[in-house]
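Student: Next up, coords_26.txt (compact mmCIF, C-alpha atoms).
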# COMPACT_ATOMS: atom_id res chain seq x y z
CA MET A 1105 -35.16 -20.22 -12.74
CA ASN A 1106 -32.19 -18.41 -14.31
CA ALA A 1107 -29.91 -20.02 -16.87
CA ASP A 1108 -26.87 -19.79 -14.57
CA ASP A 1109 -28.63 -21.19 -11.48
CA ALA A 1110 -26.84 -24.16 -9.96
CA VAL A 1111 -29.21 -27.12 -10.02
CA PHE A 1112 -28.94 -30.66 -8.67
CA THR A 1113 -29.34 -33.39 -11.26
CA GLY A 1114 -27.83 -36.44 -9.51
CA LEU A 1115 -27.77 -37.85 -5.98
CA GLY A 1116 -25.28 -40.47 -4.82
CA ILE A 1117 -25.99 -41.53 -1.24
CA VAL A 1118 -23.88 -43.97 0.76
CA ALA A 1119 -25.36 -43.93 4.27
CA PRO A 1120 -25.61 -46.23 7.29
CA ASN A 1121 -29.31 -46.86 6.59
CA GLY A 1122 -29.19 -47.12 2.82
CA ILE A 1123 -27.02 -47.11 -0.31
CA GLY A 1124 -28.57 -45.30 -3.26
CA HIS A 1125 -31.00 -42.45 -2.81
CA GLU A 1126 -34.21 -44.47 -3.10
CA ASP A 1127 -33.16 -47.13 -0.58
CA TYR A 1128 -31.91 -44.46 1.79
CA TRP A 1129 -35.06 -42.37 1.40
CA ALA A 1130 -37.35 -45.33 2.05
CA ALA A 1131 -35.39 -46.20 5.19
CA THR A 1132 -35.45 -42.60 6.40
CA LEU A 1133 -39.19 -42.20 5.93
CA ALA A 1134 -39.69 -45.50 7.76
CA GLY A 1135 -37.50 -44.31 10.65
CA ARG A 1136 -35.07 -47.17 10.12
CA ASP A 1137 -31.97 -46.70 12.26
CA GLY A 1138 -28.48 -47.29 10.87
CA ILE A 1139 -26.75 -46.89 14.22
CA THR A 1140 -25.48 -50.22 15.54
CA ALA A 1141 -22.79 -51.69 17.77
CA ILE A 1142 -19.32 -51.14 16.31
CA THR A 1143 -18.23 -54.38 14.65
CA ARG A 1144 -14.94 -53.54 12.91
CA PHE A 1145 -12.92 -53.76 16.13
CA ASP A 1146 -13.52 -54.27 19.84
CA PRO A 1147 -14.89 -50.91 21.05
CA ASP A 1148 -14.47 -51.63 24.77
CA GLY A 1149 -12.67 -48.75 26.40
CA PHE A 1150 -13.48 -46.26 23.63
CA PRO A 1151 -15.65 -43.13 24.08
CA VAL A 1152 -18.57 -44.74 22.21
CA ARG A 1153 -19.45 -48.33 21.34
CA VAL A 1154 -22.08 -47.62 18.69
CA ALA A 1155 -21.88 -45.76 15.39
CA GLY A 1156 -23.53 -45.33 12.03
CA GLN A 1157 -21.78 -47.95 9.88
CA VAL A 1158 -22.28 -48.49 6.15
CA GLU A 1159 -22.13 -52.26 6.59
CA ALA A 1160 -23.49 -53.09 3.13
CA PHE A 1161 -20.73 -51.19 1.31
CA SER A 1162 -18.05 -53.40 -0.28
CA ALA A 1163 -14.98 -51.71 -1.74
CA GLU A 1164 -14.20 -54.93 -3.63
CA GLU A 1165 -17.49 -54.58 -5.52
CA ARG A 1166 -17.42 -50.83 -6.12
CA VAL A 1167 -13.76 -49.76 -6.37
CA PRO A 1168 -11.18 -51.04 -8.89
CA GLY A 1169 -8.49 -53.04 -7.11
CA ARG A 1170 -5.63 -50.79 -8.20
CA LEU A 1171 -7.41 -47.79 -6.65
CA ALA A 1172 -8.58 -49.61 -3.52
CA VAL A 1173 -5.01 -50.23 -2.35
CA GLN A 1174 -4.07 -46.58 -2.89
CA THR A 1175 -6.94 -45.03 -0.97
CA ASP A 1176 -8.75 -45.00 2.36
CA ARG A 1177 -12.31 -46.07 3.07
CA TRP A 1178 -13.58 -42.47 3.04
CA THR A 1179 -12.45 -42.18 -0.58
CA HIS A 1180 -13.95 -45.59 -1.38
CA LEU A 1181 -17.30 -44.32 -0.09
CA ALA A 1182 -16.95 -41.23 -2.30
CA PHE A 1183 -16.15 -43.40 -5.35
CA GLY A 1184 -19.38 -45.28 -4.70
CA GLY A 1185 -21.35 -42.07 -4.19
CA ALA A 1186 -19.95 -40.46 -7.34
CA ASP A 1187 -20.82 -43.48 -9.48
CA LEU A 1188 -24.37 -43.44 -8.13
CA ALA A 1189 -24.71 -39.67 -8.63
CA LEU A 1190 -23.48 -39.72 -12.23
CA LEU A 1191 -25.76 -42.66 -13.02
CA ASP A 1192 -28.72 -40.89 -11.44
CA ALA A 1193 -27.94 -37.71 -13.41
CA GLY A 1194 -27.63 -39.63 -16.67
CA ALA A 1195 -24.43 -37.67 -17.20
CA GLU A 1196 -22.15 -38.98 -19.94
CA LEU A 1197 -18.73 -37.44 -19.34
CA ALA A 1198 -17.02 -38.92 -22.37
CA GLY A 1199 -16.59 -36.32 -25.09
CA ARG A 1200 -17.26 -33.35 -22.84
CA PRO A 1201 -14.58 -30.63 -22.54
CA GLU A 1202 -12.66 -31.88 -19.50
CA TYR A 1203 -11.76 -28.38 -18.28
CA GLU A 1204 -15.48 -27.60 -17.95
CA LEU A 1205 -15.93 -30.50 -15.50
CA ALA A 1206 -15.10 -29.88 -11.85
CA VAL A 1207 -14.95 -31.59 -8.47
CA ILE A 1208 -15.21 -29.84 -5.11
CA THR A 1209 -15.70 -31.92 -1.97
CA ALA A 1210 -15.61 -31.57 1.78
CA GLY A 1211 -12.86 -33.18 3.86
CA SER A 1212 -12.41 -33.45 7.58
CA SER A 1213 -10.27 -36.04 9.34
CA GLY A 1214 -8.98 -37.71 6.16
CA GLY A 1215 -7.81 -41.29 5.74
CA ASN A 1216 -8.06 -42.63 9.27
CA GLU A 1217 -7.96 -46.38 8.68
CA PHE A 1218 -5.20 -46.16 6.08
CA GLY A 1219 -3.14 -43.87 8.28
CA GLN A 1220 -3.49 -46.04 11.37
CA ARG A 1221 -2.46 -49.16 9.46
CA GLU A 1222 0.67 -47.53 8.06
CA ILE A 1223 1.65 -45.93 11.38
CA GLN A 1224 1.38 -49.34 13.04
CA LYS A 1225 3.75 -50.70 10.38
CA LEU A 1226 6.15 -47.84 11.07
CA TRP A 1227 6.20 -48.46 14.82
CA GLY A 1228 6.06 -52.24 14.69
CA GLN A 1229 8.21 -53.13 11.67
CA GLY A 1230 10.13 -50.05 10.54
CA PRO A 1231 9.91 -47.34 7.87
CA GLN A 1232 10.72 -49.71 5.00
CA PHE A 1233 7.36 -51.41 5.56
CA VAL A 1234 5.29 -48.21 5.18
CA GLY A 1235 3.42 -48.14 1.85
CA VAL A 1236 4.19 -45.39 -0.63
CA TYR A 1237 0.53 -44.33 -0.76
CA GLN A 1238 0.55 -43.22 2.89
CA SER A 1239 1.76 -39.83 1.66
CA ILE A 1240 -1.49 -39.19 -0.20
CA ALA A 1241 -4.22 -41.55 1.08
CA TRP A 1242 -4.64 -39.82 4.46
CA PHE A 1243 -4.70 -36.29 2.97
CA TYR A 1244 -8.00 -34.42 3.26
CA ALA A 1245 -7.88 -33.51 -0.45
CA ALA A 1246 -7.35 -37.14 -1.52
CA THR A 1247 -10.99 -37.70 -2.47
CA THR A 1248 -11.15 -34.61 -4.66
CA GLY A 1249 -7.93 -35.60 -6.40
CA GLN A 1250 -8.94 -39.22 -6.93
CA LEU A 1251 -12.37 -38.30 -8.31
CA SER A 1252 -10.74 -35.79 -10.63
CA ILE A 1253 -8.32 -38.41 -11.97
CA ARG A 1254 -10.87 -41.22 -12.24
CA HIS A 1255 -13.51 -39.23 -14.10
CA GLY A 1256 -11.30 -36.80 -16.04
CA LEU A 1257 -12.57 -33.71 -14.22
CA ARG A 1258 -9.87 -31.12 -14.96
CA GLY A 1259 -11.83 -27.95 -14.23
CA PRO A 1260 -11.86 -26.18 -10.85
CA CYS A 1261 -10.96 -28.65 -8.10
CA GLY A 1262 -10.95 -28.00 -4.37
CA VAL A 1263 -11.75 -29.19 -0.88
CA ARG A 1264 -13.45 -27.48 2.06
CA VAL A 1265 -12.16 -28.44 5.50
CA THR A 1266 -14.81 -27.08 7.88
CA GLU A 1267 -15.95 -30.37 9.43
CA GLN A 1268 -19.77 -30.76 9.44
CA ALA A 1269 -20.21 -27.41 7.65
CA GLY A 1270 -17.95 -28.57 4.82
CA GLY A 1271 -20.65 -30.18 2.68
CA LEU A 1272 -22.59 -26.92 2.42
CA ASP A 1273 -19.43 -24.91 1.82
CA ALA A 1274 -18.42 -27.29 -0.99
CA ILE A 1275 -21.86 -26.96 -2.61
CA ALA A 1276 -21.54 -23.18 -2.46
CA ASP A 1277 -18.19 -23.46 -4.24
CA ALA A 1278 -19.87 -25.68 -6.83
CA ARG A 1279 -22.43 -22.95 -7.43
CA ARG A 1280 -19.59 -20.47 -7.92
CA ALA A 1281 -17.89 -22.82 -10.38
CA VAL A 1282 -21.11 -23.16 -12.40
CA ARG A 1283 -21.53 -19.40 -12.49
CA THR A 1284 -18.02 -19.01 -13.89
CA GLY A 1285 -18.31 -21.55 -16.68
CA SER A 1286 -18.14 -25.09 -15.32
CA ARG A 1287 -20.79 -27.28 -16.94
CA LEU A 1288 -20.85 -30.05 -14.34
CA VAL A 1289 -19.50 -30.32 -10.80
CA LEU A 1290 -19.21 -33.33 -8.51
CA THR A 1291 -19.62 -32.06 -4.97
CA GLY A 1292 -20.59 -33.11 -1.44
CA GLY A 1293 -18.52 -35.22 0.92
CA THR A 1294 -18.00 -38.47 2.77
CA GLU A 1295 -16.32 -39.54 6.01
CA ALA A 1296 -14.99 -42.78 7.52
CA PRO A 1297 -14.07 -41.95 11.13
CA LEU A 1298 -14.56 -45.33 12.79
CA SER A 1299 -11.04 -46.67 13.28
CA PRO A 1300 -9.66 -46.95 16.84
CA TYR A 1301 -7.27 -44.03 16.25
CA ALA A 1302 -10.08 -41.84 14.90
CA LEU A 1303 -12.42 -42.58 17.81
CA VAL A 1304 -9.73 -41.68 20.34
CA CYS A 1305 -9.24 -38.34 18.58
CA GLN A 1306 -12.98 -37.65 18.54
CA GLY A 1307 -13.29 -38.44 22.24
CA ALA A 1308 -11.06 -35.50 23.09
CA SER A 1309 -13.88 -33.08 22.23
CA GLY A 1310 -16.08 -34.38 25.07
CA LEU A 1311 -19.10 -34.16 22.75
CA LEU A 1312 -19.65 -37.85 21.97
CA SER A 1313 -22.70 -39.49 23.53
CA GLY A 1314 -21.81 -41.06 26.83
CA ASP A 1315 -24.91 -43.27 26.90
CA GLY A 1316 -24.86 -44.51 23.31
CA HIS A 1317 -27.98 -42.56 22.30
CA TYR A 1318 -28.30 -39.70 19.83
CA ARG A 1319 -31.26 -37.47 20.76
CA PRO A 1320 -31.14 -34.08 19.00
CA PHE A 1321 -32.95 -31.35 20.98
CA ASP A 1322 -34.11 -33.79 23.66
CA ALA A 1323 -34.00 -32.69 27.30
CA ALA A 1324 -31.94 -35.85 27.93
CA ALA A 1325 -29.49 -35.19 25.08
CA ALA A 1326 -25.99 -36.26 26.10
CA GLY A 1327 -23.93 -35.87 22.92
CA TYR A 1328 -23.85 -37.30 19.43
CA VAL A 1329 -23.01 -40.66 17.88
CA PRO A 1330 -20.49 -40.60 15.01
CA GLY A 1331 -21.12 -42.19 11.64
CA GLU A 1332 -19.55 -42.84 8.26
CA GLY A 1333 -20.76 -42.21 4.74
CA GLY A 1334 -22.27 -39.15 3.10
CA ALA A 1335 -23.40 -38.03 -0.32
CA ILE A 1336 -21.90 -36.97 -3.63
CA LEU A 1337 -24.10 -34.77 -5.80
CA VAL A 1338 -24.06 -33.63 -9.42
CA VAL A 1339 -24.50 -29.88 -9.87
CA GLU A 1340 -24.99 -28.26 -13.27
CA SER A 1341 -26.16 -24.95 -14.65
CA ALA A 1342 -29.90 -24.76 -15.23
CA ALA A 1343 -29.22 -24.06 -18.90
CA GLY A 1344 -26.92 -27.06 -19.24
CA ALA A 1345 -29.39 -29.36 -17.50
CA ALA A 1346 -32.23 -28.15 -19.72
CA GLU A 1347 -30.12 -28.57 -22.84
CA ARG A 1348 -29.63 -32.28 -22.20
CA GLY A 1349 -33.12 -32.83 -20.79
CA ALA A 1350 -31.92 -33.73 -17.30
CA ARG A 1351 -34.29 -34.16 -14.36
CA VAL A 1352 -33.73 -31.44 -11.73
CA TYR A 1353 -34.26 -32.03 -7.99
CA GLY A 1354 -33.89 -28.39 -7.00
CA ARG A 1355 -31.53 -25.44 -7.07
CA VAL A 1356 -29.19 -23.56 -4.78
CA ALA A 1357 -31.18 -20.43 -3.95
CA GLY A 1358 -29.06 -18.98 -1.13
CA TYR A 1359 -25.99 -19.62 1.01
CA ALA A 1360 -24.00 -18.01 3.78
CA ALA A 1361 -21.16 -18.93 6.11
CA THR A 1362 -20.07 -17.31 9.36
CA PHE A 1363 -17.58 -18.04 12.11
CA ASP A 1364 -17.86 -17.97 15.90
CA PRO A 1365 -14.62 -17.45 17.83
CA PRO A 1366 -13.94 -20.24 20.35
CA PRO A 1367 -14.55 -19.49 24.03
CA GLY A 1368 -11.59 -17.53 25.30
CA GLY A 1369 -10.45 -16.80 21.75
CA ALA A 1370 -10.65 -13.59 19.78
CA PRO A 1371 -13.64 -11.50 20.94
CA GLY A 1372 -16.59 -11.06 18.64
CA ARG A 1373 -18.11 -7.69 17.83
CA PRO A 1374 -20.20 -6.39 20.76
CA GLY A 1375 -23.91 -6.68 20.07
CA ARG A 1376 -23.42 -8.83 16.98
CA PRO A 1377 -25.90 -11.77 16.69
CA PRO A 1378 -24.52 -15.31 17.11
CA GLY A 1379 -22.94 -16.76 13.99
CA LEU A 1380 -25.58 -19.39 13.17
CA ARG A 1381 -28.37 -16.83 13.31
CA ARG A 1382 -26.41 -14.50 11.02
CA ALA A 1383 -25.78 -17.36 8.60
CA ILE A 1384 -29.52 -18.06 8.41
CA GLU A 1385 -30.39 -14.41 7.85
CA LEU A 1386 -27.68 -13.92 5.23
CA ALA A 1387 -28.67 -17.08 3.35
CA LEU A 1388 -32.31 -15.98 3.26
CA ALA A 1389 -31.23 -12.57 1.97
CA ASP A 1390 -29.07 -14.23 -0.70
CA ALA A 1391 -32.12 -16.24 -1.78
CA GLY A 1392 -34.40 -13.18 -1.73
CA LEU A 1393 -36.74 -14.95 0.69
CA GLU A 1394 -38.47 -14.16 3.97
CA PRO A 1395 -38.49 -16.55 6.95
CA GLY A 1396 -42.12 -17.41 6.23
CA ASP A 1397 -41.15 -18.78 2.80
CA ILE A 1398 -39.17 -21.66 4.32
CA GLY A 1399 -41.18 -24.87 4.59
CA VAL A 1400 -38.71 -26.94 6.61
CA VAL A 1401 -35.36 -26.62 8.37
CA PHE A 1402 -32.91 -29.51 8.32
CA ALA A 1403 -31.19 -28.74 11.58
CA ASP A 1404 -27.59 -29.30 12.52
CA GLY A 1405 -29.02 -31.18 15.53
CA HIS A 1406 -25.83 -31.60 17.50
CA GLY A 1407 -27.38 -33.66 20.29
CA ALA A 1408 -25.47 -31.95 23.11
CA PRO A 1409 -27.30 -29.52 25.43
CA GLU A 1410 -25.44 -26.26 24.75
CA PRO A 1411 -25.17 -26.56 20.94
CA ASP A 1412 -28.83 -27.61 20.76
CA ARG A 1413 -29.86 -24.65 22.89
CA LEU A 1414 -27.97 -22.21 20.69
CA GLU A 1415 -29.45 -23.63 17.49
CA ALA A 1416 -32.98 -23.61 18.90
CA GLU A 1417 -32.49 -19.99 19.98
CA ALA A 1418 -31.39 -18.99 16.47
CA LEU A 1419 -34.45 -20.70 14.96
CA ARG A 1420 -36.77 -19.10 17.50
CA VAL A 1421 -35.42 -15.60 16.84
CA VAL A 1422 -35.54 -15.89 13.03
CA PHE A 1423 -38.78 -17.88 12.59
CA GLY A 1424 -40.63 -17.28 15.85
CA PRO A 1425 -41.55 -19.91 18.47
CA GLY A 1426 -42.57 -23.07 16.60
CA GLY A 1427 -42.62 -21.01 13.44
CA VAL A 1428 -41.23 -23.63 11.04
CA PRO A 1429 -41.09 -27.44 10.99
CA VAL A 1430 -37.64 -28.69 12.01
CA THR A 1431 -36.13 -32.11 11.43
CA ALA A 1432 -32.82 -33.88 12.07
CA PRO A 1433 -32.86 -37.23 10.21
CA LYS A 1434 -29.15 -37.61 11.02
CA SER A 1435 -30.48 -39.13 14.25
CA MET A 1436 -30.71 -42.35 12.17
CA THR A 1437 -27.16 -42.20 10.77
CA GLY A 1438 -25.05 -40.38 13.34
CA ARG A 1439 -23.08 -37.22 12.62
CA LEU A 1440 -21.04 -37.86 9.50
CA TYR A 1441 -18.73 -34.86 9.77
CA ALA A 1442 -17.61 -33.93 6.21
CA GLY A 1443 -20.37 -36.17 4.83
CA GLY A 1444 -23.15 -34.97 7.13
CA SER A 1445 -24.43 -31.76 5.59
CA ALA A 1446 -24.04 -33.18 2.07
CA LEU A 1447 -26.33 -36.04 3.12
CA ASP A 1448 -28.74 -33.53 4.69
CA THR A 1449 -28.79 -31.61 1.40
CA ALA A 1450 -29.65 -34.75 -0.56
CA THR A 1451 -32.35 -35.56 2.00
CA ALA A 1452 -33.82 -32.07 1.72
CA LEU A 1453 -33.94 -32.38 -2.08
CA LEU A 1454 -35.86 -35.65 -1.75
CA ALA A 1455 -38.22 -33.95 0.70
CA LEU A 1456 -38.87 -31.20 -1.87
CA ARG A 1457 -39.42 -33.82 -4.56
CA ASP A 1458 -41.98 -35.81 -2.57
CA GLN A 1459 -43.49 -32.96 -0.51
CA VAL A 1460 -42.87 -34.71 2.81
CA ILE A 1461 -40.69 -33.97 5.84
CA PRO A 1462 -38.76 -36.96 7.20
CA PRO A 1463 -38.83 -37.54 10.95
CA THR A 1464 -36.30 -37.20 13.73
CA THR A 1465 -35.92 -40.45 15.67
CA GLY A 1466 -34.51 -41.15 19.12
CA THR A 1467 -35.81 -37.87 20.54
CA ALA A 1468 -38.81 -38.34 22.84
CA ALA A 1469 -39.76 -34.66 22.74
CA PRO A 1470 -37.82 -31.42 22.32
CA ALA A 1471 -36.96 -29.63 25.54
CA PRO A 1472 -39.93 -27.25 26.12
CA GLU A 1473 -37.74 -24.17 26.44
CA TYR A 1474 -36.48 -24.65 22.86
CA GLU A 1475 -39.92 -23.83 21.40
CA ILE A 1476 -39.30 -25.63 18.11
CA ASP A 1477 -41.71 -27.65 15.98
CA LEU A 1478 -39.62 -30.81 15.73
CA VAL A 1479 -41.02 -33.48 13.38
CA LEU A 1480 -40.97 -36.69 15.39
CA GLY A 1481 -41.75 -40.35 14.80
CA VAL A 1482 -43.45 -40.32 11.40
CA PRO A 1483 -43.08 -38.29 8.19
CA ARG A 1484 -45.17 -35.13 7.86
CA PRO A 1485 -46.68 -34.26 4.45
CA ALA A 1486 -46.26 -30.56 3.72
CA PRO A 1487 -46.34 -28.15 0.76
CA LEU A 1488 -42.63 -27.45 0.25
CA ARG A 1489 -41.00 -25.00 -2.14
CA HIS A 1490 -37.99 -23.92 -0.08
CA ALA A 1491 -35.88 -25.79 2.49
CA LEU A 1492 -33.11 -24.55 4.75
CA VAL A 1493 -30.16 -26.79 5.64
CA LEU A 1494 -27.95 -25.85 8.60
CA ALA A 1495 -24.54 -27.14 9.62
CA ARG A 1496 -21.88 -26.30 12.18
CA GLY A 1497 -18.30 -27.49 12.17
CA PHE A 1498 -16.12 -28.02 15.21
CA GLY A 1499 -14.15 -24.87 15.97
CA GLY A 1500 -16.81 -22.28 15.14
CA PHE A 1501 -17.85 -22.84 11.50
CA ASN A 1502 -21.48 -22.14 10.56
CA ALA A 1503 -23.17 -22.61 7.18
CA ALA A 1504 -26.70 -22.22 5.88
CA LEU A 1505 -28.00 -23.35 2.48
CA VAL A 1506 -31.40 -22.54 0.96
CA LEU A 1507 -32.73 -25.05 -1.58
CA SER A 1508 -35.68 -24.26 -3.85
CA LEU A 1509 -37.76 -26.01 -6.48
Please, can you express the file's structure as structure tokens?

Tutor:
Amino acid sequence: MNADDAVFTGLGIVAPNGIGHEDYWAATLAGRDGITAITRFDPDGFPVRVAGQVEAFSAEERVPGRLAVQTDRWTHLAFGGADLALLDAGAELAGRPEYELAVITAGSSGGNEFGQREIQKLWGQGPQFVGVYQSIAWFYAATTGQLSIRHGLRGPCGVRVTEQAGGLDAIADARRAVRTGSRLVLTGGTEAPLSPYALVCQGASGLLSGDGHYRPFDAAAAGYVPGEGGAILVVESAAGAAERGARVYGRVAGYAATFDPPPGGAPGRPGRPPGLRRAIELALADAGLEPGDIGVVFADGHGAPEPDRLEAEALRVVFGPGGVPVTAPKSMTGRLYAGGSALDTATALLALRDQVIPPTTGTAAPAPEYEIDLVLGVPRPAPLRHALVLARGFGGFNAALVLSL
């Protein structure tokens, strides 16, 4: 491990099937599902009636009142995740040079619940009833800004808006920040897309599950189920972590991002491999690894036939038919958008720690033509040194992250 390697020293998970990394990990290994009937409003007439809900999360218990009224639920979830991550890392921020502390998160749809509430006031009562915080609470950079203010993180701050790929892109930016002098970075992402307004917007894609089931890579896959939550992680330089005696979960060994033009959009280069496959190959090259070095792939696992087919094809070409164990534990939480790949990264780090691959649930069996070794039903012990996390964002974003012990 090199002194300037970006290493993970703290995990802060706020997920539909567990709050805190140990509770979440126990639930995931047990195959405990966090997808339930939507309870926050009457979902009749909406594209889906089930979702991954973080029902045990209470903003009143975890967010100071003065901040709770200024911010949306997605930022509340990030506050909770950041507190858990810093506690897990044993990171005392007081007394540290504040310009060496950074925060880079992923954002996607922003403050849905807050925005809907204020828009309803505008339409129903008039502009004088709209709260002053509407101008900032909905904004996709709100979480980064609020975490920066709350914890005194005045170093490099940013947000990646690439939907599901955003968590990996934000972690890559955290690695860059560490390499250029930041001593500690809060990174990752959360999402809270379960308001009526947000669900209507999501339904326009046509990718939500029409039957209420989320079955990645299954022959009967009919779309995905949305969810809320995610993970905030503490990233430090290897030298800085060693200096303070911090426990290290793993390091960022490689990363790559590519883009696929939308159908009917700008043409790609003739003969160029699909974007996800290129992202995998470039991330492996960045890590200095061969396909055979990877012990597990945490798949994007879209749950719709065409995206699943394309991902399975990329895995088959790079690793060979059934050449690497594949898992998609997001089947227990739903797709969390900006929080999804950050949660997958935290899950992969726990898999490396405990040398076990968590299962995919909901899927009966992968479609035979995919030729992937999908871990189903129960955890699979395995010798793991390197894991690959994949993510795709709506609109053509691809990202691949290699994690190593």

Student: Excluding Ile1384 (chain A) and residues on its chain fewer than 3 positions from it, collect all residues at most 10 Å away from it, counting all atoms listed in the file, and give them as a list in words.

Tutor: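 The residues that qualify are Gly1358, Tyr1359, Ala1360, Ala1361, Thr1362, Gly1379, Leu1380, Arg1381, Ala1387, Leu1388, Ala1389, Asp1390, Pro1395, Ala1418, Leu1419, Val1422, Leu1492, Val1493, Leu1494, Asn1502, Ala1503, Ala1504, Leu1505 and Val1506 of chain A.
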
Student: Kindly indicate which residue among A:Asp1146, A:Glu1126, A:Asp1192, A:Asp1109 lies nearest to Val1338 (chain A), using all atoms listed in the file for the distances.

Tutor: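 Among the listed residues, A:Asp1192 lies closest to Val1338 (chain A).
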
Student: Excluding Ala1281 (chain A) and any residue of its chain fewer than 3 positions from it, enumerate the residues within 12 Å of it, using all atoms listed in the file, and give them as a ChimeraX atom specification.

Tutor: /A:1108-1110,1203-1208,1259-1262,1274-1278,1284-1291,1339-1341

Student: For Val1152 (chain A), which of A:Gly1135, A:Gly1307, A:Gly1438, A:Gly1249 is the closest residue, counting all atoms listed in the file?

Tutor: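 Smallest separation from Val1152 (chain A) among the options: A:Gly1307.
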
Student: Under the rule that only C-alpha atoms are counted, which of A:Gly1114, A:Pro1320, A:Gly1256, A:Pro1330 is the nearest residue to Asp1404 (chain A)?

Tutor: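 The shortest atom-to-atom distance to Asp1404 (chain A) comes from A:Pro1320.
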
Student: Near Val1304 (chain A), counting all atoms listed in the file, which residues have an atom at most 12 Å away, once you skip same-chain residues fewer than 2 positions from it, shown as a PyMOL selection string?

Tutor: chain A and resi 1147-1153+1216+1220+1297-1302+1306-1310+1312

Student: Do you know which residues lie at most 10 Å from (-20.5, -27.8, 9.4), with coordinates as in the file and only C-alpha atoms counted, and could you write them as an mmCIF file with C-alpha atoms, keeping the file's coordinate frame?

Tutor:
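Okay, this is what ended up in out_12.cif:
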data_model
loop_
_atom_site.group_PDB
_atom_site.id
_atom_site.type_symbol
_atom_site.label_atom_id
_atom_site.label_comp_id
_atom_site.auth_asym_id
_atom_site.auth_seq_id
_atom_site.Cartn_x
_atom_site.Cartn_y
_atom_site.Cartn_z
ATOM 1 C CA ALA A 1210 -15.610 -31.570 1.780
ATOM 2 C CA VAL A 1265 -12.160 -28.440 5.500
ATOM 3 C CA THR A 1266 -14.810 -27.080 7.880
ATOM 4 C CA GLU A 1267 -15.950 -30.370 9.430
ATOM 5 C CA GLN A 1268 -19.770 -30.760 9.440
ATOM 6 C CA ALA A 1269 -20.210 -27.410 7.650
ATOM 7 C CA GLY A 1270 -17.950 -28.570 4.820
ATOM 8 C CA GLY A 1271 -20.650 -30.180 2.680
ATOM 9 C CA LEU A 1272 -22.590 -26.920 2.420
ATOM 10 C CA ASP A 1273 -19.430 -24.910 1.820
ATOM 11 C CA ALA A 1361 -21.160 -18.930 6.110
ATOM 12 C CA ASP A 1404 -27.590 -29.300 12.520
ATOM 13 C CA TYR A 1441 -18.730 -34.860 9.770
ATOM 14 C CA ALA A 1442 -17.610 -33.930 6.210
ATOM 15 C CA GLY A 1443 -20.370 -36.170 4.830
ATOM 16 C CA GLY A 1444 -23.150 -34.970 7.130
ATOM 17 C CA SER A 1445 -24.430 -31.760 5.590
ATOM 18 C CA ALA A 1446 -24.040 -33.180 2.070
ATOM 19 C CA LEU A 1494 -27.950 -25.850 8.600
ATOM 20 C CA ALA A 1495 -24.540 -27.140 9.620
ATOM 21 C CA ARG A 1496 -21.880 -26.300 12.180
ATOM 22 C CA GLY A 1497 -18.300 -27.490 12.170
ATOM 23 C CA PHE A 1498 -16.120 -28.020 15.210
ATOM 24 C CA GLY A 1499 -14.150 -24.870 15.970
ATOM 25 C CA GLY A 1500 -16.810 -22.280 15.140
ATOM 26 C CA PHE A 1501 -17.850 -22.840 11.500
ATOM 27 C CA ASN A 1502 -21.480 -22.140 10.560
ATOM 28 C CA ALA A 1503 -23.170 -22.610 7.180
ATOM 29 C CA ALA A 1504 -26.700 -22.220 5.880
#

Student: Go through A:Gly1184, A:Gly1407, A:Gly1211, A:Gly1292 one by one, measure the shortest atom-to-atom distance of each to Asp1315 (chain A) using only C-alpha atoms, and give the residue with the smallest value.

Tutor: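 Comparing A:Gly1184, A:Gly1407, A:Gly1211, A:Gly1292 against Asp1315 (chain A), the winner is A:Gly1407.
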
Student: Pick from A:Arg1382, A:Arg1283, A:Lys1434, A:His1180: nearest to Glu1415 (chain A), with all atoms listed in the file counted?

Tutor: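 Of all the options, A:Arg1382 lies closest to Glu1415 (chain A).
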
Student: Using CA of Ala1107 (chain A) and CA of Ala1491 (chain A) as the two end points, give the distance in Å to one decimal.

Tutor: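 Taking CA of Ala1107 (chain A) and CA of Ala1491 (chain A), their separation equals 21.1 Å.
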
Student: One number please: CA of Ala1160 (chain A) to CA of Pro1433 (chain A), in Å, one decimal.

Tutor: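 We find that CA of Ala1160 (chain A) and CA of Pro1433 (chain A) lie 19.7 Å from each other.
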
Student: Could you please determine the separation between CA of Glu1475 (chain A) and CA of Pro1409 (chain A) in Å, to one decimal place?

Tutor: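 Going from CA of Glu1475 (chain A) over to CA of Pro1409 (chain A), I get 14.4 Å.
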
Student: Mind listing as a PyMOL selection string all residues within 12 Å of (-23.1, -43.9, 0.2), counting all atoms listed in the file?

Tutor: chain A and resi 1115-1128+1156-1163+1166+1177-1189+1292-1296+1331-1337+1437+1440+1443-1444+1446-1447+1450

Student: For a quick check of understanding, using all atoms listed in the file, which of A:Gly1481, A:Gly1424, A:Pro1411, A:Gly1399 has the smallest distance to Thr1467 (chain A)?

Tutor: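 Smallest distance to Thr1467 (chain A) is found for A:Gly1481.
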